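Dumped my_file00.txt below, it's compact mmCIF, C-alpha atoms and all ligand atoms:
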```
# COMPACT_ATOMS: atom_id res chain seq x y z
CA MET C 491 109.00 121.71 68.25
CA ALA C 492 111.78 119.11 68.10
CA LEU C 493 113.06 118.22 71.52
CA ASP C 494 115.98 115.88 72.10
CA PRO C 495 115.45 113.73 75.20
CA VAL C 496 119.21 113.29 75.71
CA GLU C 497 119.83 117.04 75.64
CA LEU C 498 116.98 117.72 78.05
CA ALA C 499 118.07 114.91 80.39
CA ALA C 500 121.66 116.22 80.32
CA ALA C 501 120.46 119.76 81.07
CA LEU C 502 118.49 118.41 84.05
CA ILE C 503 121.50 116.40 85.27
CA ARG C 504 123.54 119.63 85.22
CA ARG C 505 121.15 120.98 87.87
CA PRO C 506 122.52 119.16 90.96
CA SER C 507 119.13 118.74 92.62
CA VAL C 508 120.07 116.51 95.53
CA THR C 509 116.99 116.48 97.82
CA PRO C 510 115.90 119.02 99.09
CA LYS C 511 117.76 121.31 96.65
CA ASP C 512 116.29 122.16 93.26
CA GLU C 513 119.14 124.14 91.65
CA GLY C 514 116.93 125.16 88.74
CA ALA C 515 115.71 121.72 87.66
CA ILE C 516 111.96 122.36 88.14
CA PRO C 517 112.07 125.87 86.54
CA LEU C 518 113.94 124.41 83.54
CA LEU C 519 111.26 121.77 83.11
CA ALA C 520 108.48 124.34 83.51
CA LYS C 521 110.05 126.59 80.87
CA THR C 522 110.36 123.66 78.46
CA LEU C 523 106.74 122.62 79.03
CA GLU C 524 105.48 126.20 78.65
CA GLY C 525 107.10 126.12 75.22
CA LEU C 526 104.83 123.19 74.44
CA GLY C 527 101.69 125.02 75.53
CA PHE C 528 101.46 123.71 79.09
CA ALA C 529 100.12 125.84 81.93
CA CYS C 530 102.73 125.39 84.66
CA HIS C 531 102.34 125.82 88.39
CA ILE C 532 105.45 125.72 90.52
CA VAL C 533 104.26 125.04 94.06
CA GLU C 534 106.46 125.10 97.14
CA PHE C 535 105.57 122.92 100.10
CA THR C 536 107.12 122.97 103.53
CA GLU C 537 106.26 122.13 107.08
CA GLU C 538 107.95 122.54 110.41
CA GLY C 539 111.27 120.75 110.62
CA THR C 540 111.51 120.14 106.88
CA ALA C 541 113.18 122.04 104.05
CA PRO C 542 110.92 123.77 101.50
CA ILE C 543 110.55 121.78 98.27
CA LEU C 544 109.64 122.84 94.74
CA ASN C 545 107.00 120.84 92.90
CA LEU C 546 105.52 121.27 89.44
CA TYR C 547 102.06 120.64 88.08
CA ALA C 548 101.83 121.20 84.35
CA ARG C 549 98.75 120.64 82.21
CA ARG C 550 98.03 121.15 78.56
CA GLY C 551 94.37 121.31 77.65
CA SER C 552 91.33 121.44 79.88
CA LYS C 553 89.12 118.69 78.53
CA ALA C 554 89.02 115.15 79.86
CA PRO C 555 90.52 112.64 79.65
CA ASN C 556 93.66 113.75 81.44
CA PHE C 557 96.70 111.51 80.82
CA CYS C 558 99.17 112.07 83.64
CA PHE C 559 102.87 111.39 83.97
CA ALA C 560 104.42 111.51 87.42
CA GLY C 561 108.05 111.75 88.31
CA HIS C 562 110.73 113.42 90.36
CA THR C 563 113.64 115.70 89.64
CA ASP C 564 115.44 115.21 92.94
CA VAL C 565 118.34 112.77 93.11
CA VAL C 566 120.32 110.97 95.78
CA PRO C 567 123.80 112.32 96.61
CA PRO C 568 126.62 111.20 94.28
CA GLY C 569 128.60 109.52 97.06
CA ASP C 570 132.34 109.16 96.61
CA LEU C 571 133.23 111.56 93.78
CA LYS C 572 136.59 109.89 93.17
CA SER C 573 134.85 106.65 92.24
CA TRP C 574 132.97 108.29 89.36
CA SER C 575 134.46 108.10 85.85
CA VAL C 576 132.90 111.49 85.07
CA ASP C 577 131.44 114.51 86.86
CA PRO C 578 128.12 113.19 88.27
CA PHE C 579 126.53 116.53 87.42
CA GLY C 580 128.24 117.02 84.04
CA GLY C 581 125.59 115.36 81.86
CA GLU C 582 128.20 113.83 79.57
CA VAL C 583 127.64 111.23 76.86
CA LEU C 584 130.37 108.63 76.93
CA GLU C 585 130.51 105.52 74.76
CA GLY C 586 126.84 105.73 73.87
CA ALA C 587 125.50 106.35 77.37
CA LEU C 588 124.38 109.49 79.20
CA TYR C 589 126.19 109.59 82.53
CA GLY C 590 125.23 111.40 85.68
CA ARG C 591 123.20 111.31 88.85
CA GLY C 592 119.57 111.02 87.80
CA ALA C 593 120.29 109.62 84.31
CA SER C 594 118.33 106.48 85.20
CA ASP C 595 116.43 107.62 88.32
CA MET C 596 114.76 109.53 86.84
CA LYS C 597 115.63 112.70 84.99
CA GLY C 598 116.13 110.52 81.91
CA ALA C 599 112.53 109.28 81.92
CA VAL C 600 111.13 112.76 82.64
CA ALA C 601 113.01 114.09 79.61
CA CYS C 602 111.78 111.16 77.48
CA PHE C 603 108.16 111.85 78.38
CA VAL C 604 108.49 115.57 77.59
CA ALA C 605 110.13 114.73 74.25
CA ALA C 606 107.38 112.20 73.49
CA VAL C 607 104.72 114.84 74.22
CA ALA C 608 106.48 117.34 71.93
CA ARG C 609 106.38 114.81 69.08
CA PHE C 610 102.81 113.80 69.81
CA LEU C 611 101.60 117.41 69.79
CA ASP C 612 103.49 118.01 66.56
CA ALA C 613 101.71 115.09 64.95
CA HIS C 614 98.30 116.06 66.36
CA ARG C 615 97.93 119.79 65.96
CA ASP C 616 94.21 119.56 66.76
CA PHE C 617 94.77 117.72 70.07
CA ASP C 618 92.21 119.02 72.52
CA HIS C 619 92.27 116.59 75.44
CA SER C 620 94.65 116.85 78.38
CA ILE C 621 98.16 115.77 79.23
CA SER C 622 99.60 116.61 82.63
CA LEU C 623 102.80 116.17 84.60
CA LEU C 624 103.12 115.85 88.36
CA ILE C 625 106.79 116.43 89.15
CA THR C 626 108.23 116.62 92.64
CA GLY C 627 111.56 117.49 94.17
CA ASP C 628 110.89 115.32 97.22
CA GLU C 629 110.83 111.63 96.31
CA GLU C 630 114.23 110.30 97.30
CA ALA C 631 114.21 111.54 100.89
CA ALA C 632 111.22 111.79 103.25
CA ALA C 633 108.66 112.47 100.49
CA ILE C 634 106.78 114.73 102.90
CA ASN C 635 106.64 117.85 100.73
CA GLY C 636 106.18 116.05 97.45
CA THR C 637 103.68 114.06 95.43
CA LYS C 638 101.26 113.47 98.30
CA LYS C 639 100.80 117.20 98.89
CA LEU C 640 100.86 117.98 95.17
CA LEU C 641 97.98 115.53 94.55
CA ASP C 642 96.04 117.12 97.37
CA TRP C 643 96.77 120.57 95.98
CA ALA C 644 95.64 119.49 92.52
CA ALA C 645 92.45 117.87 93.83
CA LYS C 646 91.55 121.12 95.61
CA ARG C 647 91.92 122.93 92.28
CA GLY C 648 89.44 120.49 90.79
CA GLU C 649 92.03 118.53 88.81
CA SER C 650 91.28 114.90 88.05
CA PHE C 651 93.35 112.24 86.40
CA ASP C 652 92.17 109.38 84.23
CA LEU C 653 95.36 107.39 84.39
CA CYS C 654 98.97 107.88 85.40
CA ILE C 655 102.34 106.53 84.37
CA VAL C 656 105.18 106.92 86.87
CA GLY C 657 108.58 107.07 85.20
CA GLU C 658 110.57 105.12 87.80
CA PRO C 659 113.35 102.91 86.39
CA THR C 660 111.32 99.70 86.46
CA SER C 661 113.11 97.82 83.68
CA ALA C 662 115.29 95.10 85.17
CA LYS C 663 117.84 94.02 82.55
CA LYS C 664 116.49 95.32 79.26
CA LEU C 665 114.32 98.34 78.55
CA GLY C 666 110.76 97.01 78.42
CA ASP C 667 111.17 93.80 80.40
CA MET C 668 109.22 95.02 83.45
CA VAL C 669 106.27 97.23 84.34
CA LYS C 670 105.24 97.70 87.95
CA ILE C 671 101.54 97.51 88.73
CA GLY C 672 101.78 97.64 92.49
CA ARG C 673 104.24 97.76 95.30
CA ARG C 674 104.73 96.01 98.56
CA GLY C 675 104.26 97.98 101.73
CA SER C 676 107.15 98.71 104.06
CA LEU C 677 107.11 98.87 107.84
CA ASN C 678 109.91 99.31 110.38
CA GLY C 679 109.61 97.82 113.83
CA PHE C 680 111.66 99.13 116.77
CA LEU C 681 111.57 96.54 119.52
CA THR C 682 112.84 97.20 123.04
CA VAL C 683 112.82 94.29 125.48
CA THR C 684 113.17 94.90 129.22
CA GLY C 685 114.43 92.29 131.69
CA ILE C 686 116.23 92.56 135.01
CA GLN C 687 119.95 93.30 135.06
CA GLY C 688 122.11 91.05 137.22
CA HIS C 689 125.30 89.03 137.72
CA THR C 690 125.89 86.23 135.22
CA ALA C 691 126.73 84.00 138.22
CA ASN C 692 123.27 84.61 139.72
CA PRO C 693 120.82 84.22 136.85
CA HIS C 694 118.00 83.35 139.25
CA LEU C 695 118.11 86.95 140.49
CA ALA C 696 117.98 88.40 136.96
CA ASP C 697 115.93 88.23 133.80
CA ASN C 698 118.13 88.22 130.73
CA ALA C 699 116.78 90.71 128.18
CA ALA C 700 119.07 89.27 125.49
CA HIS C 701 117.50 85.84 125.89
CA ARG C 702 114.02 87.28 125.81
CA LEU C 703 114.85 89.27 122.67
CA LEU C 704 116.19 86.15 120.96
CA LYS C 705 113.00 84.28 121.79
CA MET C 706 110.84 87.09 120.47
CA LEU C 707 112.81 87.45 117.25
CA SER C 708 112.76 83.67 116.78
CA ALA C 709 108.98 83.75 117.15
CA LEU C 710 108.77 86.34 114.38
CA LEU C 711 111.03 84.29 112.11
CA ALA C 712 109.71 80.81 112.95
CA GLU C 713 107.30 80.48 110.03
CA PRO C 714 106.72 82.29 106.75
CA ILE C 715 104.40 85.24 107.38
CA ASP C 716 102.43 84.24 104.29
CA ARG C 717 103.03 82.43 101.03
CA GLY C 718 102.51 85.35 98.67
CA ASN C 719 99.95 85.28 95.89
CA GLU C 720 99.63 85.51 92.14
CA ARG C 721 100.73 89.14 92.09
CA PHE C 722 102.98 89.44 95.13
CA PRO C 723 105.96 87.62 96.62
CA PRO C 724 105.65 86.39 100.23
CA THR C 725 105.79 89.01 102.98
CA ASP C 726 109.33 89.15 104.31
CA LEU C 727 110.81 90.23 107.63
CA GLN C 728 114.48 91.11 107.86
CA ILE C 729 116.25 91.99 111.11
CA SER C 730 118.27 95.14 110.48
CA THR C 731 120.12 95.33 113.79
CA ILE C 732 120.29 93.86 117.29
CA ASP C 733 121.73 96.17 119.93
CA ILE C 734 122.60 95.42 123.51
CA GLY C 735 125.81 97.39 123.89
CA ASN C 736 126.98 95.46 126.92
CA PRO C 737 130.72 96.14 127.41
CA THR C 738 131.08 93.51 130.17
CA THR C 739 131.13 89.72 130.22
CA ASN C 740 129.63 89.21 133.68
CA VAL C 741 126.53 91.42 133.61
CA ILE C 742 123.19 90.05 132.44
CA PRO C 743 121.72 92.80 130.27
CA GLY C 744 118.53 94.44 131.49
CA GLU C 745 117.57 95.83 128.11
CA ALA C 746 117.99 94.68 124.52
CA ARG C 747 116.84 96.28 121.29
CA ALA C 748 116.29 95.19 117.73
CA VAL C 749 115.09 96.91 114.55
CA PHE C 750 113.46 95.03 111.70
CA ASN C 751 111.93 95.87 108.35
CA ILE C 752 108.94 94.09 106.83
CA ARG C 753 108.08 94.25 103.14
CA PHE C 754 104.47 93.17 102.98
CA ASN C 755 102.07 92.18 100.22
CA ASP C 756 98.41 93.08 99.72
CA GLN C 757 97.24 90.40 102.16
CA TRP C 758 98.21 92.82 104.93
CA THR C 759 97.89 96.41 106.01
CA SER C 760 100.30 98.00 108.48
CA LYS C 761 97.50 97.70 111.10
CA THR C 762 96.84 93.96 110.62
CA LEU C 763 100.57 93.35 110.58
CA GLU C 764 101.00 95.27 113.84
CA SER C 765 98.39 93.01 115.47
CA TRP C 766 100.18 89.94 114.11
CA LEU C 767 103.49 91.18 115.55
CA LYS C 768 102.01 91.87 118.98
CA GLN C 769 100.33 88.47 119.10
CA LYS C 770 103.65 86.73 118.30
CA LEU C 771 105.61 88.85 120.80
CA ASP C 772 103.03 88.38 123.56
CA ALA C 773 103.12 84.63 123.01
CA ALA C 774 106.92 84.62 123.31
CA GLY C 775 106.54 86.32 126.70
CA GLY C 776 108.34 89.20 128.39
CA ARG C 777 108.07 92.93 128.76
CA TYR C 778 108.58 94.85 125.58
CA LYS C 779 107.80 98.04 123.72
CA LEU C 780 107.19 98.04 120.00
CA ALA C 781 107.28 101.24 117.96
CA ILE C 782 106.07 101.00 114.37
CA GLN C 783 106.99 103.30 111.51
CA VAL C 784 105.10 102.81 108.24
CA SER C 785 106.86 103.91 105.05
CA GLY C 786 104.01 102.85 102.78
CA GLU C 787 101.04 100.52 102.49
CA SER C 788 100.94 97.87 99.80
CA PHE C 789 98.79 98.48 96.75
CA LEU C 790 97.91 96.95 93.42
CA THR C 791 96.37 98.29 90.23
CA PRO C 792 95.06 95.02 88.79
CA PRO C 793 96.13 94.41 85.19
CA GLY C 794 93.88 96.54 83.00
CA GLN C 795 93.84 99.68 80.91
CA VAL C 796 97.16 101.21 81.97
CA SER C 797 99.23 98.04 81.99
CA ASP C 798 97.58 96.86 78.73
CA MET C 799 98.44 100.16 77.06
CA LEU C 800 102.03 100.06 78.29
CA THR C 801 102.40 96.40 77.31
CA ARG C 802 101.24 97.17 73.77
CA ALA C 803 103.45 100.27 73.48
CA ILE C 804 106.48 98.36 74.77
CA GLY C 805 105.78 95.48 72.39
CA GLN C 806 105.54 97.82 69.41
CA VAL C 807 108.90 99.44 70.13
CA THR C 808 111.01 96.66 71.68
CA GLY C 809 109.24 93.41 70.77
CA LEU C 810 109.28 92.46 74.47
CA THR C 811 106.32 91.52 76.67
CA PRO C 812 106.92 93.11 80.07
CA ASP C 813 106.53 91.21 83.29
CA LEU C 814 103.82 92.91 85.39
CA SER C 815 105.61 93.04 88.71
CA THR C 816 105.18 94.28 92.27
CA THR C 817 108.78 93.82 93.40
CA GLY C 818 111.23 96.41 94.68
CA GLY C 819 110.92 99.30 97.10
CA THR C 820 108.21 101.90 97.48
CA SER C 821 107.51 104.70 95.02
CA ASP C 822 105.21 107.69 94.71
CA ALA C 823 102.69 105.42 92.97
CA ARG C 824 101.64 104.57 96.54
CA PHE C 825 100.06 108.05 96.74
CA ILE C 826 98.76 108.22 93.16
CA HIS C 827 96.76 104.97 93.20
CA HIS C 828 94.21 106.69 95.48
CA TYR C 829 93.37 109.03 92.59
CA CYS C 830 93.52 106.98 89.39
CA PRO C 831 94.80 103.73 87.87
CA VAL C 832 98.60 103.85 87.86
CA ALA C 833 101.47 101.81 86.51
CA GLU C 834 105.19 102.47 86.56
CA PHE C 835 107.50 102.19 83.62
CA GLY C 836 110.91 103.63 82.90
CA LEU C 837 114.56 102.95 82.19
CA VAL C 838 116.75 100.07 83.34
CA GLY C 839 117.42 100.53 87.04
CA GLN C 840 120.71 98.70 87.33
CA THR C 841 122.86 101.78 87.94
CA MET C 842 120.35 103.83 89.93
CA HIS C 843 121.75 105.31 93.16
CA LYS C 844 125.18 103.91 92.18
CA VAL C 845 128.48 105.40 91.12
CA ASP C 846 128.53 105.99 87.32
CA GLU C 847 124.74 106.05 87.03
CA ARG C 848 123.94 106.09 83.32
CA ALA C 849 121.37 105.42 80.64
CA PRO C 850 122.21 104.22 77.11
CA VAL C 851 121.30 106.86 74.52
CA ALA C 852 119.51 104.10 72.58
CA ASP C 853 117.32 103.39 75.62
CA LEU C 854 116.44 107.07 75.98
CA ALA C 855 115.40 107.09 72.32
CA ALA C 856 113.37 103.90 72.73
CA LEU C 857 111.70 105.07 75.95
CA THR C 858 110.65 108.28 74.18
CA GLU C 859 109.10 106.12 71.46
CA ILE C 860 107.33 103.93 74.02
CA TYR C 861 105.83 106.89 75.88
CA GLY C 862 104.84 108.32 72.47
CA ALA C 863 103.21 105.03 71.49
CA ALA C 864 101.30 105.01 74.79
CA LEU C 865 99.95 108.53 74.07
CA GLU C 866 98.93 107.40 70.56
CA LEU C 867 97.20 104.28 71.86
CA TYR C 868 95.39 106.20 74.55
CA PHE C 869 94.21 109.22 72.60
CA THR C 870 93.88 108.10 69.00
CA LYS C 871 93.30 104.34 69.00
CA ARG C 872 90.58 103.97 71.60
ZN ZN S 1 113.18 107.38 91.51
```

Would you mind writing the file's structure down as structure tokens?
Amino acid sequence: MALDPVELAAALIRRPSVTPKDEGAIPLLAKTLEGLGFACHIVEFTEEGTAPILNLYARRGSKAPNFCFAGHTDVVPPGDLKSWSVDPFGGEVLEGALYGRGASDMKGAVACFVAAVARFLDAHRDFDHSISLLITGDEEAAAINGTKKLLDWAAKRGESFDLCIVGEPTSAKKLGDMVKIGRRGSLNGFLTVTGIQGHTANPHLADNAAHRLLKMLSALLAEPIDRGNERFPPTDLQISTIDIGNPTTNVIPGEARAVFNIRFNDQWTSKTLESWLKQKLDAAGGRYKLAIQVSGESFLTPPGQVSDMLTRAIGQVTGLTPDLSTTGGTSDARFIHHYCPVAEFGLVGQTMHKVDERAPVADLAALTEIYGAALELYFTKR
């Protein structure tokens, strides 16, 4: 069955699946995969205070090994519609590029993988191992009713995965220049410092919370948290906001707050980092409260089977040798690495989440070839 990745990607873009809405994106994918012989399970997850989300697990074959592709069909909102050159949900091809929300992140890559599978199955009619897709509608927002629950659901059914490719737009400038083999962790710190309010003319009767906050933040910024390592950049702390909200000039503030974000490498866990923070803050002195919110722990799949396979497939199609990187934000690979070796590879991410998000048609064709080459290398050239 011939399947055009551009047509499928465009059809997915025309389903305006801004998280938590699906608008028919997952059912369209399931129908397409059923046409290729996949057994499809559309599973809805919800919990109190969250919107229900559609997820898809599709598998063709029952024998190991099971080659898995993970991705998401949800997209971020289009933002200012007037700034777009085209309808963000029109799925139009303009000057050699497919435009629309999700073209790069990551309906394009999902369509490429499905098209690659269609070609692979056509070329290997006797294929009797397994290919599966884990697709969620909850990646861009809280990711509560998405991949994490879908993996758990699949494990309870007895599913196991031998390796996984996540189709996030990892390429930096050119398709094939970057594969991600790990990600930094991300932690938010909410710091509230308490002093004693007073008159600026009588500082001896007060304890300036603003001064204490400055001291504490300076302590956190005084030295590099670490120097990074072969696979990861140094851990980095950025202050997001400092809030005192004092409308007067002659009152010493009794409370001051700051929020910071830390992107941390595999030398830390959120727990060890929390201890480090408390030690620094205690040393700076003063009464404070620190609330921690962890968006994801750091992880690494050391270079090996998955990254080797992707590197070879990318080389065959583009002639490039990808950089094996751990840069950027978090992704659902942070859940998948608990189950099997995982690496991320997809389109160029330069327009993701932006106005006029797009993917060159030539890149969609090449990505389909790369995913196809990866399937060939894995199943037929081992
Ligand atoms: Zn994405």

May I have a table of the residues of chain C lying at most 8 Å from ligand ZN 1 (chain S), giving each one's closest pair of atoms and their distance in Å to one decimal, counting all atoms listed in the file, ordered by chain and ascending residue number, as JSON lines?
```
{"residue": "C:Gly561", "atom": "CA", "partner": "S:ZN1", "partner_atom": "ZN", "distance": 7.5}
{"residue": "C:His562", "atom": "CA", "partner": "S:ZN1", "partner_atom": "ZN", "distance": 6.6}
{"residue": "C:Val565", "atom": "CA", "partner": "S:ZN1", "partner_atom": "ZN", "distance": 7.6}
{"residue": "C:Asp595", "atom": "CA", "partner": "S:ZN1", "partner_atom": "ZN", "distance": 4.6}
{"residue": "C:Met596", "atom": "CA", "partner": "S:ZN1", "partner_atom": "ZN", "distance": 5.4}
{"residue": "C:Glu629", "atom": "CA", "partner": "S:ZN1", "partner_atom": "ZN", "distance": 6.8}
{"residue": "C:Glu630", "atom": "CA", "partner": "S:ZN1", "partner_atom": "ZN", "distance": 6.6}
{"residue": "C:Gly657", "atom": "CA", "partner": "S:ZN1", "partner_atom": "ZN", "distance": 7.8}
{"residue": "C:Glu658", "atom": "CA", "partner": "S:ZN1", "partner_atom": "ZN", "distance": 5.1}
{"residue": "C:Pro659", "atom": "CA", "partner": "S:ZN1", "partner_atom": "ZN", "distance": 6.8}
{"residue": "C:Ser821", "atom": "CA", "partner": "S:ZN1", "partner_atom": "ZN", "distance": 7.2}
```

Which of these residues is nearest to Ala560 in chain C, using only C-alpha atoms: C:Gly539, C:Gly648, C:Gly527, C:Gly627? C:Gly627

Do a neighbour search on Lys779 in chain C at 12 Å with all atoms listed in the file, toss out local chain neighbours closer than 2 positions, and write the hits as a PyMOL selection string. chain C and resi 679-685+703+706+745-749+767-768+771-772+776-777+781-782

With only C-alpha atoms as the counted atoms, please give the residues lying no more than 12 Å from Leu763 in chain C, apart from itself and same-chain residues fewer than 2 positions off, as a ChimeraX atom specification. /C:675-679,710,715-716,725-727,751-761,765-770,782-784,787-788

State, in Å with one decimal place, the distance from CA of Arg674 in chain C to CA of Ala662 in chain C.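 CA of Ala662 in chain C lies at a distance of 17.1 Å from CA of Arg674 in chain C.
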
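Taking CA of Glu866 in chain C as the reference point, CA of Gln806 in chain C is found at 11.7 Å.
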
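Coordinates place CA of Leu502 in chain C at a distance of 15.8 Å from CA of Met842 in chain C.
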
Which of these residues is nearest to Gly818 in chain C, using only C-alpha atoms: C:Ile742, C:Val583, C:Val669, C:Ala501?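 Nearest to Gly818 in chain C: C:Val669.
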
Show which residues sit within 10 Å of range 504-511 of chain C, as a ChimeraX atom specification. Count all atoms listed in the file, and ignore same-chain residues fewer than 3 positions away. /C:498-501,514-516,518,540-544,563-568,577-582,590-592,627-633,635

I'd like the neighbourhood of Glu834 in chain C as a PyMOL selection string, where a residue qualifies if any of its atoms comes within 12 Å (using only C-alpha atoms), though same-chain residues fewer than 4 positions away should be ignored. chain C and resi 558-561+596+599+653-661+666+668-673+790-791+796-797+799-801+812-818+820-824+826-827+861

Could you list, as a PDB file with C-alpha atoms, keeping the file's coordinate frame, every residue within 9 Å of Ser575 in chain C, counting only C-alpha atoms and ignoring same-chain residues fewer than 3 positions away?
```pdb
ATOM      1  CA  LEU C 571     133.230 111.560  93.780  1.00  0.00           C
ATOM      2  CA  LYS C 572     136.590 109.890  93.170  1.00  0.00           C
ATOM      3  CA  PRO C 578     128.120 113.190  88.270  1.00  0.00           C
ATOM      4  CA  VAL C 845     128.480 105.400  91.120  1.00  0.00           C
ATOM      5  CA  ASP C 846     128.530 105.990  87.320  1.00  0.00           C
TER       6      ASP C 846
END
```

Of C:Gly794, C:Gly718, C:Ile532, C:Ala700, the one sitting nearest Trp643 in chain C when using only C-alpha atoms is C:Ile532

Box along x, y and z, 3 Å on every side, all listed atoms of range 531-544 of chain C inside: centre and edge lengths in Å to one decimal, as JSON.
```
{"center_x": 107.8, "center_y": 123.0, "center_z": 99.5, "size_x": 16.8, "size_y": 11.7, "size_z": 28.2}
```

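Using all atoms listed in the file, the smallest distance between any of C:Arg848, C:His619, C:Arg702, C:His614 and Ala774 in chain C comes from C:Arg702.
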